[in-house]
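One structure below.
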Amino acid sequence: MNDILEGLVSAFWLVVTFDPDLMQISLRSLQVSLSALVIASAIALPLGTFLAIRRFRYRRLTISLLNALMGLPPVVVGLIVYILLSRSGPFGVLGLLFTPTAMIIAQVIIITPLIASITHQAMRELWAEYHDLLISLNTSGWQRIKTLIWDGRRNLLTASLAGFGRAIGEVGAIMIVGGNIDNATRVLTTAIALETGKGDFALALALGFVLIALAIGINVSIHWLSRTEREGRW
Amino acid sequence: MSRMLPLTLKDVAVRRRGKRLLGPVNLTLHPEGLTMIVGPNGSGKTTLLRVMHGVERLSDGSATWAVAEEEARHRQAYVFQTPIMLRRTVADNLRYPLQLIATPRAEIETRVNHWARRIGLEARMGLQATRLSGGEKQKLALARALIRKPDVLFLDEPCANLDGASTRDIESILQTALAEKTRIIMTTHDLGQARRLAGDALFMLHGVVHERGPASDFFSAPQTAELQAFFRGDIIA
Ligand SMILES: Nc1ncnc2c1ncn2[C@@H]1O[C@H](COP(=O)(O)OP(=O)(O)O)[C@@H](O)[C@H]1O
Ligand SMILES: [Mg+2]
């Protein structure tokens, strides 16, 4: 019990004094997850919107596939990315294993289906609402997509935030492909796992505080966004 | 008077899941005035209107304007029974149809201001359209339909569930549009409104045009027993 109390106190000091190790790890976490977020959003937002408004041959199949991918355990994603990037794997020559890039790749694979799926859901509702009007106004396909993306921008932001929340809190996959190397691939979640194992509760808790703060910040934003959505203002 | 008309429907039928919703309908709409479509619920009024507007898939027959399809699509507008509001401000809802056709900005603002005044919403231009009352939404939908100055305007029960004042405002806007030679085709449940506005009228029953005529004959001397019964307020089987 005493250990934990002491840990809490020193954790608090690590945070308020901007401890360099803590800062470095937090920033790397943000850098990896934000990069993954940008790349995943660039793929998932148009894909989800497209799935919502276009009927094509393999639409049902694509949606099922997306939902299946959403359920992939991150550890398995990590394993697959590891095999692909390992020295003897097909992309071994790129030398990406145990780099932040490998971690970004794993996170992109994990959150793209999630963002695409939430986008698809929201855009399908909006399209059902707008369908008759946009057809009647003789809009082109491109004008329809622009209108839906613009008027659904809050939903899209919510989808992206959900993806970011999943990415920043994820540990299994990035542990495997990043290797949790000090000063190179150590991020909030993998550092917490390591420090806890070593019994250094102070740093582990401080890292935990930062992670919790980020998670709360994201959830508050999502909540606020969906509230403004319902009340129809912004 | 528009070059678009006459509109000719030839052997039009709409079937969905093996059920015939409309047809066969053979009909020519002449170039001027207001055509009123009346009939009991489920008789196919909305379906007919959507067929004319070109947004309902035909199972049979054809609907042709006097101009090419593409041009006809540009020159008509439709007000849905339940107004569809874009999740934008009132002003942006009015701007939207003009932005789609790349209207110069100054022209857009002139027309938006004109219509804001005309529908009495100039003080609420910055409000989210989804927050307007039912009557205000319907007026906004009408203004948004007329802002491109269409040659032909379709309205599906524009005054359903509206109070007297809103109904009067909408009828006044329609009268002005008529005076400016907009061709109007609409449905209504309100026989008083039908009499006030109609130039000619159609009576729909079981998916076909059961009776048709100039307003004067249609309302004062209905020919078929069913239309007489409809005017008496009887339930028509
Ligand atoms: N998409 C659809 N699928 C199946 N039935 C439909 C569809 N749309 C309308 N109907 C049916 O077609 C009939 C005519 O509908 P409608 O044109 O809306 O009549 P009205 O506008 O005169 O009330 C009704 O019986 C209605 O239930
Ligand atoms: Mg109807």
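Here's how to read the names in the structure tokens: chain A, B, ... by the order shown, residue numbers from 1 in each chain, ligand numbers from 1 in the order shown.
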Expected answer as a PyMOL selection string: residues within 8 Å of ligand 2, only C-alpha atoms and all ligand atoms: chain B and resi 41-42+44-47+81+156-157+187
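The protein and nucleic acid residues lying at most 10 Å from Met186 (chain B) are Leu34, Thr35, Met36, Ile37, Val38, Lys45, Thr46, Leu49, Tyr78, Val79, Leu153, Phe154, Leu155, Asp156, Glu157, Pro158, Ile184, Thr188, Ala194, Leu197, Ala198 and Ala201 of chain B, with only C-alpha atoms considered and sequence neighbours fewer than 2 positions away removed.
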Expected file contents, prior selection, C-alpha atoms, as a compact mmCIF listing (two decimals), in the first residue's frame:
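The result, stored in result19.txt:
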# COMPACT_ATOMS: atom_id res chain seq x y z
CA LEU B 34 -51.54 24.70 -62.00
CA THR B 35 -52.56 21.07 -62.08
CA MET B 36 -54.01 19.77 -58.83
CA ILE B 37 -53.88 16.06 -58.03
CA VAL B 38 -56.42 14.81 -55.50
CA LYS B 45 -50.54 10.71 -55.99
CA THR B 46 -47.00 10.82 -54.65
CA LEU B 49 -45.61 13.17 -58.96
CA TYR B 78 -39.67 19.31 -56.18
CA VAL B 79 -40.91 20.00 -52.65
CA LEU B 153 -42.45 23.05 -59.78
CA PHE B 154 -43.79 19.90 -58.11
CA LEU B 155 -45.26 20.01 -54.61
CA ASP B 156 -46.42 17.03 -52.58
CA GLU B 157 -49.03 18.15 -50.02
CA PRO B 158 -47.13 21.31 -49.16
CA ILE B 184 -47.04 23.97 -61.03
CA THR B 188 -53.33 18.25 -51.71
CA ALA B 194 -57.67 22.61 -54.46
CA LEU B 197 -55.50 27.15 -56.76
CA ALA B 198 -56.37 24.62 -59.45
CA ALA B 201 -57.39 18.76 -61.75
message: As an exercise, work out the distance from CA of Arg196 (chain B) to CA of Glu171 (chain B) in Å and give it to one decimal place.
response: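 About the pair CA of Arg196 (chain B) and CA of Glu171 (chain B): they are 8.9 Å apart.
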message: Need the shell around Gln24 (chain A): protein/DNA/RNA residues with any atom at most 12 Å away, counting only C-alpha atoms. Skip same-chain ones fewer than 3 positions apart. Format as a ChimeraX atom specification?
response: /A:18-21,27-31,182-188,191,207
Using only C-alpha atoms, determine which residues of chain B fall within 7 Å of chain A; present them as a short mmCIF file (atom, residue, chain, number, x, y, z; two decimals) with N, CA, C and O atoms, in the first residue's frame.
data_model
loop_
_atom_site.label_atom_id
_atom_site.label_comp_id
_atom_site.auth_asym_id
_atom_site.auth_seq_id
_atom_site.Cartn_x
_atom_site.Cartn_y
_atom_site.Cartn_z
N VAL B 55 -37.82 10.81 -60.72
CA VAL B 55 -37.05 10.19 -59.65
C VAL B 55 -37.62 8.85 -59.22
O VAL B 55 -37.19 8.27 -58.23
N ARG B 73 -34.15 18.02 -66.61
CA ARG B 73 -33.77 17.77 -65.23
C ARG B 73 -33.34 19.06 -64.53
O ARG B 73 -33.56 19.25 -63.36
N HIS B 74 -32.69 19.95 -65.28
CA HIS B 74 -32.18 21.20 -64.71
C HIS B 74 -33.26 22.22 -64.40
O HIS B 74 -33.07 23.09 -63.57
N ALA B 77 -38.12 21.59 -60.12
CA ALA B 77 -37.83 21.47 -58.69
C ALA B 77 -38.98 20.74 -58.02
O ALA B 77 -40.09 20.69 -58.57
N TYR B 78 -38.69 20.17 -56.84
CA TYR B 78 -39.67 19.31 -56.18
C TYR B 78 -39.65 19.61 -54.69
O TYR B 78 -38.59 19.67 -54.07
N ILE B 84 -37.10 18.18 -46.46
CA ILE B 84 -35.76 17.67 -46.15
C ILE B 84 -34.85 18.87 -45.90
O ILE B 84 -34.60 19.66 -46.81
N ARG B 87 -28.38 19.80 -42.94
CA ARG B 87 -27.90 20.16 -41.60
C ARG B 87 -26.98 21.36 -41.71
O ARG B 87 -25.77 21.27 -41.51
N PRO B 97 -28.73 25.10 -53.62
CA PRO B 97 -29.05 24.76 -55.03
C PRO B 97 -28.33 25.66 -56.02
O PRO B 97 -28.00 25.23 -57.12
N GLN B 128 -29.74 26.97 -37.42
CA GLN B 128 -29.74 25.66 -38.07
C GLN B 128 -31.14 25.35 -38.58
O GLN B 128 -32.12 25.45 -37.83
N THR B 130 -32.63 22.68 -39.19
CA THR B 130 -33.32 21.57 -38.54
C THR B 130 -34.08 22.02 -37.30
O THR B 130 -34.90 21.28 -36.77
#
message: Based on the backbone DSSP call, show me all residues of region 186-234 of chain B assigned strand (DSSP E or B), as a ChimeraX atom specification.
response: /B:186-187,200-205,208-214
Based on the selection just made, write N, CA, C and O atoms of those residues as a compact mmCIF listing (two decimals), in the first residue's frame.
# COMPACT_ATOMS: atom_id res chain seq x y z
N MET B 186 -49.22 19.88 -58.29
CA MET B 186 -49.17 19.58 -56.85
C MET B 186 -50.29 18.65 -56.41
O MET B 186 -51.26 18.43 -57.13
N THR B 187 -50.08 18.06 -55.23
CA THR B 187 -51.14 17.24 -54.63
C THR B 187 -51.62 17.96 -53.38
O THR B 187 -50.91 18.79 -52.81
N ASP B 200 -56.52 23.08 -63.57
CA ASP B 200 -57.17 21.83 -63.93
C ASP B 200 -56.83 20.81 -62.85
O ASP B 200 -55.97 21.05 -62.00
N ALA B 201 -57.55 19.69 -62.85
CA ALA B 201 -57.39 18.76 -61.75
C ALA B 201 -57.46 17.31 -62.22
O ALA B 201 -58.06 16.99 -63.25
N LEU B 202 -56.77 16.44 -61.43
CA LEU B 202 -56.77 15.00 -61.69
C LEU B 202 -57.29 14.30 -60.44
O LEU B 202 -56.91 14.67 -59.33
N PHE B 203 -58.11 13.30 -60.63
CA PHE B 203 -58.54 12.49 -59.51
C PHE B 203 -57.91 11.12 -59.62
O PHE B 203 -58.14 10.40 -60.58
N MET B 204 -57.05 10.79 -58.66
CA MET B 204 -56.37 9.49 -58.67
C MET B 204 -57.16 8.50 -57.83
O MET B 204 -57.64 8.83 -56.75
N LEU B 205 -57.26 7.28 -58.35
CA LEU B 205 -57.90 6.22 -57.58
C LEU B 205 -57.28 4.89 -57.98
O LEU B 205 -57.17 4.61 -59.18
N VAL B 208 -54.66 4.82 -60.89
CA VAL B 208 -54.93 5.35 -62.23
C VAL B 208 -55.63 6.70 -62.14
O VAL B 208 -56.18 7.08 -61.10
N VAL B 209 -55.55 7.47 -63.25
CA VAL B 209 -56.26 8.75 -63.31
C VAL B 209 -57.73 8.43 -63.56
O VAL B 209 -58.11 7.99 -64.65
N HIS B 210 -58.55 8.63 -62.55
CA HIS B 210 -59.93 8.20 -62.66
C HIS B 210 -60.79 9.26 -63.34
O HIS B 210 -61.72 8.94 -64.06
N GLU B 211 -60.48 10.51 -63.09
CA GLU B 211 -61.21 11.59 -63.77
C GLU B 211 -60.31 12.80 -63.88
O GLU B 211 -59.44 13.04 -63.03
N ARG B 212 -60.53 13.56 -64.94
CA ARG B 212 -59.67 14.71 -65.16
C ARG B 212 -60.46 15.79 -65.85
O ARG B 212 -61.35 15.50 -66.66
N GLY B 213 -60.16 17.06 -65.54
CA GLY B 213 -60.86 18.12 -66.25
C GLY B 213 -60.41 19.50 -65.79
O GLY B 213 -59.67 19.61 -64.81
N PRO B 214 -60.85 20.54 -66.52
CA PRO B 214 -60.58 21.90 -66.06
C PRO B 214 -61.27 22.11 -64.71
O PRO B 214 -62.32 21.52 -64.45
message: For Arg124 (chain B), find every residue with an atom within 10 Å (counting only C-alpha atoms), except residues of its own chain fewer than 5 positions away, and show them as number ranges by chain.
response: B: 89-91, 116, 129, 132
